[in-house]
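Note: the block below is entry-v6.pdb and it holds PDB, C-alpha atoms, pLDDT in the B column.
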MODEL        1
ATOM      1  CA  MET L   1      15.603 -15.341  -4.599  1.00 93.00           C
ATOM      2  CA  SER L   2      14.079 -12.298  -2.905  1.00 98.00           C
ATOM      3  CA  ARG L   3      12.479 -12.081   0.526  1.00 98.00           C
ATOM      4  CA  ILE L   4       9.238 -10.103   0.397  1.00 98.00           C
ATOM      5  CA  PHE L   5       6.686  -8.886   2.946  1.00 99.00           C
ATOM      6  CA  ILE L   6       3.160  -8.138   1.709  1.00 98.00           C
ATOM      7  CA  SER L   7       0.723  -6.215   3.894  1.00 98.00           C
ATOM      8  CA  GLY L   8      -2.933  -7.167   3.702  1.00 98.00           C
ATOM      9  CA  SER L   9      -2.187 -10.529   2.120  1.00 98.00           C
ATOM     10  CA  SER L  10      -4.549 -12.970   3.813  1.00 97.00           C
ATOM     11  CA  THR L  11      -6.947 -12.815   0.820  1.00 95.00           C
ATOM     12  CA  GLY L  12      -7.426 -11.084  -2.532  1.00 93.00           C
ATOM     13  CA  LEU L  13      -4.672  -9.504  -4.581  1.00 95.00           C
ATOM     14  CA  GLY L  14      -2.153  -9.646  -1.755  1.00 97.00           C
ATOM     15  CA  LEU L  15      -2.494 -13.414  -1.472  1.00 97.00           C
ATOM     16  CA  MET L  16      -2.501 -13.792  -5.261  1.00 96.00           C
ATOM     17  CA  ALA L  17       0.765 -11.849  -5.520  1.00 97.00           C
ATOM     18  CA  ALA L  18       2.224 -13.976  -2.740  1.00 98.00           C
ATOM     19  CA  GLU L  19       1.254 -17.187  -4.533  1.00 98.00           C
ATOM     20  CA  LEU L  20       2.890 -15.967  -7.741  1.00 98.00           C
ATOM     21  CA  LEU L  21       6.084 -14.941  -5.953  1.00 98.00           C
ATOM     22  CA  VAL L  22       6.306 -18.312  -4.198  1.00 98.00           C
ATOM     23  CA  GLN L  23       5.856 -20.051  -7.560  1.00 98.00           C
ATOM     24  CA  GLN L  24       8.763 -17.984  -8.850  1.00 98.00           C
ATOM     25  CA  GLY L  25      10.958 -19.229  -6.008  1.00 98.00           C
ATOM     26  CA  HIS L  26      10.832 -16.241  -3.692  1.00 98.00           C
ATOM     27  CA  GLN L  27      10.428 -16.244   0.080  1.00 98.00           C
ATOM     28  CA  VAL L  28       7.229 -14.519   1.191  1.00 98.00           C
ATOM     29  CA  VAL L  29       5.861 -13.358   4.525  1.00 98.00           C
ATOM     30  CA  LEU L  30       2.131 -12.697   4.663  1.00 98.00           C
ATOM     31  CA  HIS L  31       0.146 -10.339   6.877  1.00 98.00           C
ATOM     32  CA  ALA L  32      -3.327 -10.698   8.393  1.00 98.00           C
ATOM     33  CA  ARG L  33      -5.223  -8.433  10.736  1.00 97.00           C
ATOM     34  CA  ASN L  34      -6.137 -11.184  13.236  1.00 98.00           C
ATOM     35  CA  VAL L  35      -5.272 -14.749  14.185  1.00 98.00           C
ATOM     36  CA  SER L  36      -8.267 -16.285  12.400  1.00 98.00           C
ATOM     37  CA  ARG L  37      -7.331 -14.642   9.110  1.00 97.00           C
ATOM     38  CA  ALA L  38      -3.696 -15.614   9.646  1.00 98.00           C
ATOM     39  CA  GLU L  39      -4.672 -19.259  10.002  1.00 98.00           C
ATOM     40  CA  ASP L  40      -6.725 -19.051   6.810  1.00 97.00           C
ATOM     41  CA  ALA L  41      -3.781 -17.470   4.971  1.00 98.00           C
ATOM     42  CA  GLN L  42      -1.360 -20.120   6.208  1.00 97.00           C
ATOM     43  CA  ARG L  43      -3.709 -22.845   4.960  1.00 98.00           C
ATOM     44  CA  ALA L  44      -4.125 -21.064   1.620  1.00 98.00           C
ATOM     45  CA  LEU L  45      -0.358 -20.704   1.127  1.00 98.00           C
ATOM     46  CA  PRO L  46       1.492 -23.194   3.323  1.00 98.00           C
ATOM     47  CA  GLN L  47       4.744 -22.342   1.518  1.00 98.00           C
ATOM     48  CA  ALA L  48       4.729 -18.887   3.106  1.00 98.00           C
ATOM     49  CA  GLU L  49       7.586 -18.395   5.541  1.00 98.00           C
ATOM     50  CA  ALA L  50       5.316 -16.805   8.164  1.00 98.00           C
ATOM     51  CA  VAL L  51       2.168 -14.758   8.683  1.00 98.00           C
ATOM     52  CA  VAL L  52       2.515 -11.537  10.669  1.00 98.00           C
ATOM     53  CA  VAL L  53      -0.602 -10.634  12.662  1.00 98.00           C
ATOM     54  CA  GLY L  54      -1.399  -6.971  13.172  1.00 98.00           C
ATOM     55  CA  ASP L  55      -4.381  -4.622  12.996  1.00 98.00           C
ATOM     56  CA  LEU L  56      -3.419  -1.641  10.843  1.00 98.00           C
ATOM     57  CA  GLU L  57      -6.474   0.394  11.819  1.00 98.00           C
ATOM     58  CA  THR L  58      -4.729   1.966  14.810  1.00 98.00           C
ATOM     59  CA  ILE L  59      -1.407   3.747  15.105  1.00 98.00           C
ATOM     60  CA  ALA L  60      -0.352   1.373  17.872  1.00 98.00           C
ATOM     61  CA  GLY L  61      -1.389  -1.634  15.784  1.00 98.00           C
ATOM     62  CA  ALA L  62       0.543  -0.461  12.736  1.00 98.00           C
ATOM     63  CA  ARG L  63       3.588   0.234  14.904  1.00 98.00           C
ATOM     64  CA  GLU L  64       3.394  -3.222  16.453  1.00 98.00           C
ATOM     65  CA  THR L  65       3.003  -4.811  13.023  1.00 98.00           C
ATOM     66  CA  ALA L  66       6.175  -3.097  11.807  1.00 98.00           C
ATOM     67  CA  LEU L  67       8.093  -4.310  14.865  1.00 98.00           C
ATOM     68  CA  ARG L  68       6.898  -7.882  14.246  1.00 98.00           C
ATOM     69  CA  VAL L  69       8.084  -7.642  10.638  1.00 98.00           C
ATOM     70  CA  ASN L  70      11.488  -6.397  11.791  1.00 98.00           C
ATOM     71  CA  ASP L  71      11.737  -9.285  14.251  1.00 98.00           C
ATOM     72  CA  LEU L  72      11.795 -11.597  11.224  1.00 98.00           C
ATOM     73  CA  GLY L  73      14.875  -9.903   9.758  1.00 98.00           C
ATOM     74  CA  HIS L  74      15.620  -7.939   6.597  1.00 98.00           C
ATOM     75  CA  PHE L  75      13.356  -7.968   3.532  1.00 98.00           C
ATOM     76  CA  ASP L  76      14.404  -7.217  -0.029  1.00 98.00           C
ATOM     77  CA  ALA L  77      11.003  -5.757  -0.861  1.00 98.00           C
ATOM     78  CA  VAL L  78       7.790  -4.646   0.809  1.00 99.00           C
ATOM     79  CA  ILE L  79       4.483  -4.551  -1.056  1.00 98.00           C
ATOM     80  CA  HIS L  80       2.019  -2.153   0.587  1.00 98.00           C
ATOM     81  CA  ASN L  81      -1.254  -3.810  -0.354  1.00 98.00           C
ATOM     82  CA  ALA L  82      -3.457  -3.455   2.751  1.00 98.00           C
ATOM     83  CA  ALA L  83      -6.606  -1.434   2.129  1.00 97.00           C
ATOM     84  CA  VAL L  84     -10.339  -1.185   2.600  1.00 96.00           C
ATOM     85  CA  GLY L  85     -12.594  -0.382  -0.325  1.00 91.00           C
ATOM     86  CA  TYR L  86     -14.608   2.425  -1.825  1.00 89.00           C
ATOM     87  CA  ASN L  87     -18.041   1.662  -0.377  1.00 91.00           C
ATOM     88  CA  GLU L  88     -17.109   2.308   3.232  1.00 96.00           C
ATOM     89  CA  ALA L  89     -19.417   4.207   5.561  1.00 97.00           C
ATOM     90  CA  HIS L  90     -17.873   6.859   7.752  1.00 97.00           C
ATOM     91  CA  ARG L  91     -16.304   5.267  10.818  1.00 98.00           C
ATOM     92  CA  VAL L  92     -13.781   6.733  13.221  1.00 98.00           C
ATOM     93  CA  THR L  93     -11.000   4.659  14.787  1.00 98.00           C
ATOM     94  CA  ARG L  94      -9.860   4.709  18.423  1.00 98.00           C
ATOM     95  CA  ASP L  95      -7.317   7.312  17.328  1.00 98.00           C
ATOM     96  CA  GLY L  96     -10.115   9.581  16.089  1.00 98.00           C
ATOM     97  CA  LEU L  97      -9.292   9.047  12.410  1.00 98.00           C
ATOM     98  CA  PRO L  98     -11.501   7.974   9.510  1.00 98.00           C
ATOM     99  CA  HIS L  99     -10.768   4.276   9.166  1.00 98.00           C
ATOM    100  CA  VAL L 100     -10.226   4.529   5.386  1.00 98.00           C
ATOM    101  CA  PHE L 101      -7.465   7.072   5.966  1.00 98.00           C
ATOM    102  CA  ALA L 102      -6.050   5.101   8.899  1.00 98.00           C
ATOM    103  CA  ILE L 103      -5.728   1.832   6.986  1.00 98.00           C
ATOM    104  CA  ASN L 104      -5.146   2.930   3.397  1.00 98.00           C
ATOM    105  CA  THR L 105      -2.942   5.960   4.000  1.00 98.00           C
ATOM    106  CA  LEU L 106      -1.500   6.223   7.486  1.00 98.00           C
ATOM    107  CA  SER L 107      -0.622   2.569   8.026  1.00 98.00           C
ATOM    108  CA  ALA L 108       1.357   2.542   4.770  1.00 98.00           C
ATOM    109  CA  TYR L 109       3.290   5.550   6.041  1.00 99.00           C
ATOM    110  CA  ILE L 110       3.907   3.976   9.465  1.00 99.00           C
ATOM    111  CA  LEU L 111       5.055   0.652   8.014  1.00 99.00           C
ATOM    112  CA  THR L 112       7.340   2.514   5.624  1.00 98.00           C
ATOM    113  CA  ALA L 113       8.837   4.585   8.412  1.00 98.00           C
ATOM    114  CA  LEU L 114       9.398   1.698  10.821  1.00 98.00           C
ATOM    115  CA  ILE L 115      10.176  -1.430   8.771  1.00 98.00           C
ATOM    116  CA  GLU L 116      13.889  -1.797   8.110  1.00 98.00           C
ATOM    117  CA  ARG L 117      14.500  -0.192   4.757  1.00 98.00           C
ATOM    118  CA  PRO L 118      14.232  -2.700   1.874  1.00 98.00           C
ATOM    119  CA  GLN L 119      15.715  -2.366  -1.600  1.00 98.00           C
ATOM    120  CA  ARG L 120      12.260  -2.090  -3.191  1.00 98.00           C
ATOM    121  CA  LEU L 121       8.980  -0.534  -2.128  1.00 99.00           C
ATOM    122  CA  VAL L 122       5.711  -1.126  -3.986  1.00 98.00           C
ATOM    123  CA  TYR L 123       2.508   0.799  -3.254  1.00 98.00           C
ATOM    124  CA  LEU L 124      -0.898  -0.196  -4.594  1.00 98.00           C
ATOM    125  CA  SER L 125      -2.884   2.777  -5.836  1.00 98.00           C
ATOM    126  CA  SER L 126      -6.072   2.733  -7.927  1.00 96.00           C
ATOM    127  CA  GLY L 127      -7.382   4.069 -11.206  1.00 95.00           C
ATOM    128  CA  MET L 128      -9.728   6.131  -9.062  1.00 96.00           C
ATOM    129  CA  HIS L 129      -6.785   8.255  -7.884  1.00 97.00           C
ATOM    130  CA  HIS L 130      -6.673  10.033 -11.262  1.00 97.00           C
ATOM    131  CA  HIS L 131      -9.936  11.890 -10.613  1.00 96.00           C
ATOM    132  CA  VAL L 132      -9.430  13.458  -7.163  1.00 98.00           C
ATOM    133  CA  ARG L 133      -7.261  15.999  -5.411  1.00 98.00           C
ATOM    134  CA  ALA L 134      -5.125  15.256  -2.364  1.00 97.00           C
ATOM    135  CA  ASN L 135      -7.258  17.557  -0.144  1.00 98.00           C
ATOM    136  CA  LEU L 136      -4.492  17.862   2.434  1.00 98.00           C
ATOM    137  CA  ASP L 137      -6.372  20.716   4.113  1.00 98.00           C
ATOM    138  CA  ASP L 138      -9.103  18.235   5.064  1.00 98.00           C
ATOM    139  CA  ILE L 139      -7.318  14.895   4.937  1.00 98.00           C
ATOM    140  CA  LEU L 140      -9.398  13.685   7.930  1.00 98.00           C
ATOM    141  CA  TRP L 141     -12.780  14.623   6.435  1.00 98.00           C
ATOM    142  CA  ARG L 142     -13.737  17.041   9.211  1.00 98.00           C
ATOM    143  CA  LYS L 143     -14.967  19.826   6.921  1.00 98.00           C
ATOM    144  CA  ARG L 144     -16.615  17.841   4.117  1.00 98.00           C
ATOM    145  CA  ARG L 145     -19.590  15.528   3.952  1.00 98.00           C
ATOM    146  CA  TRP L 146     -18.332  11.958   3.832  1.00 98.00           C
ATOM    147  CA  ASN L 147     -18.090  10.236   0.471  1.00 97.00           C
ATOM    148  CA  GLY L 148     -16.696   6.727   0.635  1.00 97.00           C
ATOM    149  CA  ALA L 149     -15.623   6.587  -3.003  1.00 96.00           C
ATOM    150  CA  ASP L 150     -13.785   9.911  -2.784  1.00 98.00           C
ATOM    151  CA  ALA L 151     -12.186   8.952   0.531  1.00 98.00           C
ATOM    152  CA  TYR L 152     -10.886   5.755  -1.048  1.00 97.00           C
ATOM    153  CA  ALA L 153      -9.654   7.554  -4.174  1.00 98.00           C
ATOM    154  CA  GLU L 154      -7.878  10.203  -2.104  1.00 98.00           C
ATOM    155  CA  SER L 155      -6.201   7.513   0.001  1.00 98.00           C
ATOM    156  CA  LYS L 156      -4.916   5.862  -3.167  1.00 98.00           C
ATOM    157  CA  LEU L 157      -3.581   9.227  -4.376  1.00 98.00           C
ATOM    158  CA  HIS L 158      -1.820   9.537  -1.020  1.00 98.00           C
ATOM    159  CA  ASP L 159      -0.230   6.106  -1.541  1.00 98.00           C
ATOM    160  CA  ALA L 160       1.171   7.208  -4.900  1.00 98.00           C
ATOM    161  CA  MET L 161       2.428  10.428  -3.303  1.00 98.00           C
ATOM    162  CA  LEU L 162       4.174   8.371  -0.644  1.00 98.00           C
ATOM    163  CA  ALA L 163       5.791   6.141  -3.259  1.00 98.00           C
ATOM    164  CA  PHE L 164       7.148   9.097  -5.196  1.00 98.00           C
ATOM    165  CA  ALA L 165       8.258  10.941  -2.055  1.00 98.00           C
ATOM    166  CA  LEU L 166      10.322   7.903  -1.088  1.00 98.00           C
ATOM    167  CA  ALA L 167      11.789   7.639  -4.575  1.00 98.00           C
ATOM    168  CA  ARG L 168      12.981  11.228  -4.217  1.00 98.00           C
ATOM    169  CA  ARG L 169      14.210  10.967  -0.624  1.00 98.00           C
ATOM    170  CA  TRP L 170      15.653   7.455  -0.459  1.00 98.00           C
ATOM    171  CA  ARG L 171      17.935   7.294  -3.483  1.00 97.00           C
ATOM    172  CA  ASN L 172      19.117   3.761  -2.735  1.00 97.00           C
ATOM    173  CA  VAL L 173      15.562   2.368  -2.820  1.00 98.00           C
ATOM    174  CA  ARG L 174      13.370   1.656  -5.844  1.00 98.00           C
ATOM    175  CA  SER L 175       9.931   2.944  -4.896  1.00 98.00           C
ATOM    176  CA  ASN L 176       7.031   2.660  -7.335  1.00 98.00           C
ATOM    177  CA  SER L 177       3.244   2.642  -7.433  1.00 98.00           C
ATOM    178  CA  LEU L 178       0.669   0.882  -9.571  1.00 98.00           C
ATOM    179  CA  GLU L 179      -3.005   0.345 -10.183  1.00 96.00           C
ATOM    180  CA  PRO L 180      -4.093  -3.304 -10.435  1.00 94.00           C
ATOM    181  CA  GLY L 181      -7.284  -2.536 -12.338  1.00 71.00           C
ATOM    182  CA  TRP L 182     -10.903  -2.808 -11.245  1.00 57.00           C
ATOM    183  CA  VAL L 183     -11.138  -6.543 -10.771  1.00 46.00           C
ATOM    184  CA  PRO L 184     -13.758  -8.847  -9.214  1.00 48.00           C
ATOM    185  CA  THR L 185     -12.183  -9.316  -5.806  1.00 52.00           C
ATOM    186  CA  LYS L 186     -14.184  -8.997  -2.588  1.00 54.00           C
ATOM    187  CA  MET L 187     -13.264  -5.309  -2.624  1.00 52.00           C
ATOM    188  CA  GLY L 188     -13.894  -4.784  -6.335  1.00 47.00           C
ATOM    189  CA  GLY L 189     -17.243  -6.563  -6.431  1.00 51.00           C
ATOM    190  CA  PRO L 190     -18.542  -9.312  -8.741  1.00 55.00           C
ATOM    191  CA  HIS L 191     -19.202  -7.065 -11.744  1.00 54.00           C
ATOM    192  CA  ALA L 192     -15.756  -5.461 -11.966  1.00 47.00           C
ATOM    193  CA  PRO L 193     -14.674  -5.602 -15.628  1.00 45.00           C
ATOM    194  CA  ASP L 194     -10.873  -5.792 -15.546  1.00 51.00           C
ATOM    195  CA  ASP L 195      -8.579  -8.800 -16.040  1.00 54.00           C
ATOM    196  CA  MET L 196      -8.165 -10.779 -12.826  1.00 54.00           C
ATOM    197  CA  ASP L 197      -5.197 -12.636 -14.297  1.00 69.00           C
ATOM    198  CA  GLN L 198      -3.245  -9.370 -14.597  1.00 77.00           C
ATOM    199  CA  ALA L 199      -4.257  -7.736 -11.309  1.00 84.00           C
ATOM    200  CA  HIS L 200      -1.508  -9.237  -9.134  1.00 93.00           C
ATOM    201  CA  ARG L 201       1.345  -9.459 -11.606  1.00 96.00           C
ATOM    202  CA  THR L 202       2.667  -5.890 -11.642  1.00 97.00           C
ATOM    203  CA  GLN L 203       3.284  -5.705  -7.910  1.00 98.00           C
ATOM    204  CA  ALA L 204       5.101  -9.043  -7.921  1.00 98.00           C
ATOM    205  CA  TRP L 205       7.155  -7.918 -10.922  1.00 98.00           C
ATOM    206  CA  LEU L 206       8.135  -4.615  -9.323  1.00 98.00           C
ATOM    207  CA  ALA L 207       9.055  -6.374  -6.078  1.00 98.00           C
ATOM    208  CA  ALA L 208      11.297  -9.085  -7.462  1.00 98.00           C
ATOM    209  CA  SER L 209      11.954  -8.977 -11.210  1.00 97.00           C
ATOM    210  CA  HIS L 210      15.397  -8.427 -12.710  1.00 94.00           C
ATOM    211  CA  ASP L 211      13.711  -7.044 -15.828  1.00 96.00           C
ATOM    212  CA  SER L 212      15.258  -3.657 -16.632  1.00 97.00           C
ATOM    213  CA  ALA L 213      11.759  -2.194 -17.038  1.00 97.00           C
ATOM    214  CA  ALA L 214      11.082  -2.963 -13.364  1.00 97.00           C
ATOM    215  CA  ASP L 215      14.475  -1.661 -12.225  1.00 96.00           C
ATOM    216  CA  VAL L 216      13.224   1.934 -11.902  1.00 98.00           C
ATOM    217  CA  THR L 217      12.018   4.293  -9.203  1.00 98.00           C
ATOM    218  CA  GLY L 218       9.364   6.966  -8.889  1.00 98.00           C
ATOM    219  CA  LYS L 219       7.206   5.477 -11.654  1.00 98.00           C
ATOM    220  CA  TYR L 220       3.573   4.456 -11.992  1.00 98.00           C
ATOM    221  CA  PHE L 221       2.343   1.278 -13.687  1.00 98.00           C
ATOM    222  CA  TYR L 222      -0.746  -0.502 -14.936  1.00 95.00           C
ATOM    223  CA  HIS L 223      -0.465  -4.121 -16.081  1.00 94.00           C
ATOM    224  CA  MET L 224       3.364  -3.897 -16.196  1.00 95.00           C
ATOM    225  CA  LYS L 225       3.284  -0.835 -18.448  1.00 96.00           C
ATOM    226  CA  ARG L 226       4.326   2.656 -17.451  1.00 97.00           C
ATOM    227  CA  MET L 227       1.532   5.203 -17.335  1.00 97.00           C
ATOM    228  CA  ALA L 228       1.037   8.738 -16.047  1.00 98.00           C
ATOM    229  CA  ALA L 229      -0.036   9.256 -12.454  1.00 98.00           C
ATOM    230  CA  ASN L 230      -2.189  12.077 -11.134  1.00 98.00           C
ATOM    231  CA  GLN L 231      -0.029  15.196 -11.379  1.00 98.00           C
ATOM    232  CA  GLN L 232      -0.607  15.961  -7.706  1.00 98.00           C
ATOM    233  CA  ALA L 233       1.211  12.746  -6.821  1.00 98.00           C
ATOM    234  CA  LEU L 234       4.318  14.111  -8.542  1.00 98.00           C
ATOM    235  CA  ASP L 235       4.284  17.494  -6.786  1.00 98.00           C
ATOM    236  CA  ALA L 236       7.291  17.538  -4.415  1.00 98.00           C
ATOM    237  CA  ALA L 237       5.824  20.297  -2.240  1.00 98.00           C
ATOM    238  CA  LEU L 238       2.587  18.348  -1.785  1.00 98.00           C
ATOM    239  CA  GLN L 239       4.577  15.196  -1.062  1.00 98.00           C
ATOM    240  CA  ASP L 240       6.561  16.956   1.664  1.00 98.00           C
ATOM    241  CA  ARG L 241       3.426  18.443   3.194  1.00 98.00           C
ATOM    242  CA  PHE L 242       1.774  15.025   3.144  1.00 98.00           C
ATOM    243  CA  ILE L 243       4.778  13.479   4.922  1.00 98.00           C
ATOM    244  CA  ASP L 244       4.658  16.245   7.543  1.00 98.00           C
ATOM    245  CA  ILE L 245       0.939  15.597   8.150  1.00 98.00           C
ATOM    246  CA  CYS L 246       1.494  11.852   8.571  1.00 98.00           C
ATOM    247  CA  THR L 247       4.420  12.521  10.915  1.00 98.00           C
ATOM    248  CA  GLU L 248       2.301  14.834  13.051  1.00 98.00           C
ATOM    249  CA  ILE L 249      -0.724  12.512  13.218  1.00 98.00           C
ATOM    250  CA  SER L 250       1.258   9.330  13.904  1.00 98.00           C
ATOM    251  CA  GLY L 251       4.040  10.768  16.042  1.00 98.00           C
ATOM    252  CA  ILE L 252       6.459   8.760  13.893  1.00 98.00           C
ATOM    253  CA  ALA L 253       9.110  10.512  11.822  1.00 98.00           C
ATOM    254  CA  LEU L 254      10.176   9.252   8.420  1.00 98.00           C
ATOM    255  CA  PRO L 255      13.905   8.426   8.525  1.00 98.00           C
ATOM    256  CA  GLU L 256      16.157  10.522   6.319  1.00 93.00           C
TER     257      GLU L 256
ENDMDL
END
Starting from the file, give its structure as structure tokens.
Amino acid sequence: MSRIFISGSSTGLGLMAAELLVQQGHQVVLHARNVSRAEDAQRALPQAEAVVVGDLETIAGARETALRVNDLGHFDAVIHNAAVGYNEAHRVTRDGLPHVFAINTLSAYILTALIERPQRLVYLSSGMHHHVRANLDDILWRKRRWNGADAYAESKLHDAMLAFALARRWRNVRSNSLEPGWVPTKMGGPHAPDDMDQAHRTQAWLAASHDSAADVTGKYFYHMKRMAANQQALDAALQDRFIDICTEISGIALPE
């Protein structure tokens, strides 16, 4: 049995992965951004060990969420699932950051840096990450006209970069990324064409399976099959620069 924390798991793919892991006999802790959503998640999956409440939109909220996770003890795996979608209008958080970047990119970095190091890290990316550049020179969208789809795609490229940076830096951790497919969740929309039955399986498999194909690090997956990631995600210099940017913005250093 593994003990697994899943960010952004009150609904959608995060909750679906949690349900599958519980069915497999694992111990799961959910996460919701507020008490109301936490209550809904607890009703949806009463077998969950707990639901951590924390708003990942702010640096302080992400920090507090990580501390609440640590208060529950050590986890074997963390699935970084929390995200907002690709139709978002431009909105700036209390920290002065685009909220897509704050939630999709920076909170994943903060949780990674502050949650006690697990044996496995899993980061949800997107098929949209293949078609953008990291744009680290304008990661906060201060020079470009806002495009919600591109902002989302860039954030998902950043998540893959983070996964591969951790695989390189933390040799005792298996850190991988995946795309779940464009599926008809609330985020994906009702006309999304991909297979809903497959969308949650890869992250659960990477978090807990003893399958040798899942016992890897620094890899990218789609429906439990290895595939190529955007080449920028694999660039060690870009990864290091990205980590430095997140450190500077958050004020939180990534442990060695």
Write out as a list in words the residues lying within 10 Å of range 35-38 of chain L, counting all atoms listed in the file and excluding same-chain residues fewer than 6 positions away. Ser9, Ser10, Thr11, Ala44, Ala50, Val51, Val52, Val53 and Gly54 of chain L
Kindly indicate which residue among L:Pro255, L:Pro46, L:Gly127, L:Gly85 lies nearest to Leu166 in chain L, using only C-alpha atoms for the distances. L:Pro255
Can you tell me, as a ChimeraX atom specification, what residues are no more than 9 Å from Ala153 in chain L when counting all atoms listed in the file, ignoring any on the same chain fewer than 4 positions away? /L:86,125-133,148-149,157-158
Hey, can you spit out that residue selection with C-alpha atoms as an mmCIF file, keeping the file's coordinate frame?
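Ended up saving to result.cif:
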data_model
loop_
_atom_site.group_PDB
_atom_site.id
_atom_site.type_symbol
_atom_site.label_atom_id
_atom_site.label_comp_id
_atom_site.auth_asym_id
_atom_site.auth_seq_id
_atom_site.Cartn_x
_atom_site.Cartn_y
_atom_site.Cartn_z
ATOM 1 C CA TYR L 86 -14.608 2.425 -1.825
ATOM 2 C CA SER L 125 -2.884 2.777 -5.836
ATOM 3 C CA SER L 126 -6.072 2.733 -7.927
ATOM 4 C CA GLY L 127 -7.382 4.069 -11.206
ATOM 5 C CA MET L 128 -9.728 6.131 -9.062
ATOM 6 C CA HIS L 129 -6.785 8.255 -7.884
ATOM 7 C CA HIS L 130 -6.673 10.033 -11.262
ATOM 8 C CA HIS L 131 -9.936 11.890 -10.613
ATOM 9 C CA VAL L 132 -9.430 13.458 -7.163
ATOM 10 C CA ARG L 133 -7.261 15.999 -5.411
ATOM 11 C CA GLY L 148 -16.696 6.727 0.635
ATOM 12 C CA ALA L 149 -15.623 6.587 -3.003
ATOM 13 C CA LEU L 157 -3.581 9.227 -4.376
ATOM 14 C CA HIS L 158 -1.820 9.537 -1.020
#
Explicit residues for the PyMOL selection byres ((chain L and resi 77) around 8) (as a PyMOL selection string): chain L and resi 2-5+75-76+78-79+118-122+207-208
Give as number ranges by chain the residues that the PyMOL selection byres ((chain L and resi 169-178) around 9) matches when applied to the coordinates above. L: 117-127, 159-168, 179-180, 202-203, 206, 215-224, 226-227, 229, 256
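Take CA of Ala89 in chain L and CA of Arg144 in chain L: the distance between them is 14.0 Å.
Between CA of Gly25 in chain L and CA of Leu67 in chain L the interatomic distance comes to 25.8 Å.
For the point (2.7, -19.6, -4.6), the residues with at least one atom inside 12 Å, counting all atoms listed in the file, are Gly14, Leu15, Met16, Ala17, Ala18, Glu19, Leu20, Leu21, Val22, Gln23, Gln24, Gly25, His26, Gln27, Val28, Val29, Leu30, Ala41, Gln42, Arg43, Ala44, Leu45, Pro46, Gln47, Ala48, Glu49 and Ala204 of chain L.
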Identify all residues satisfying the PyMOL selection byres ((chain L and resi 84) around 10) in the given file; provide them as a ChimeraX atom specification. /L:8,81-83,85-88,99-104,152,155,187
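With CA of Leu136 in chain L on one side and CA of Phe242 in chain L on the other, the separation reads 6.9 Å.
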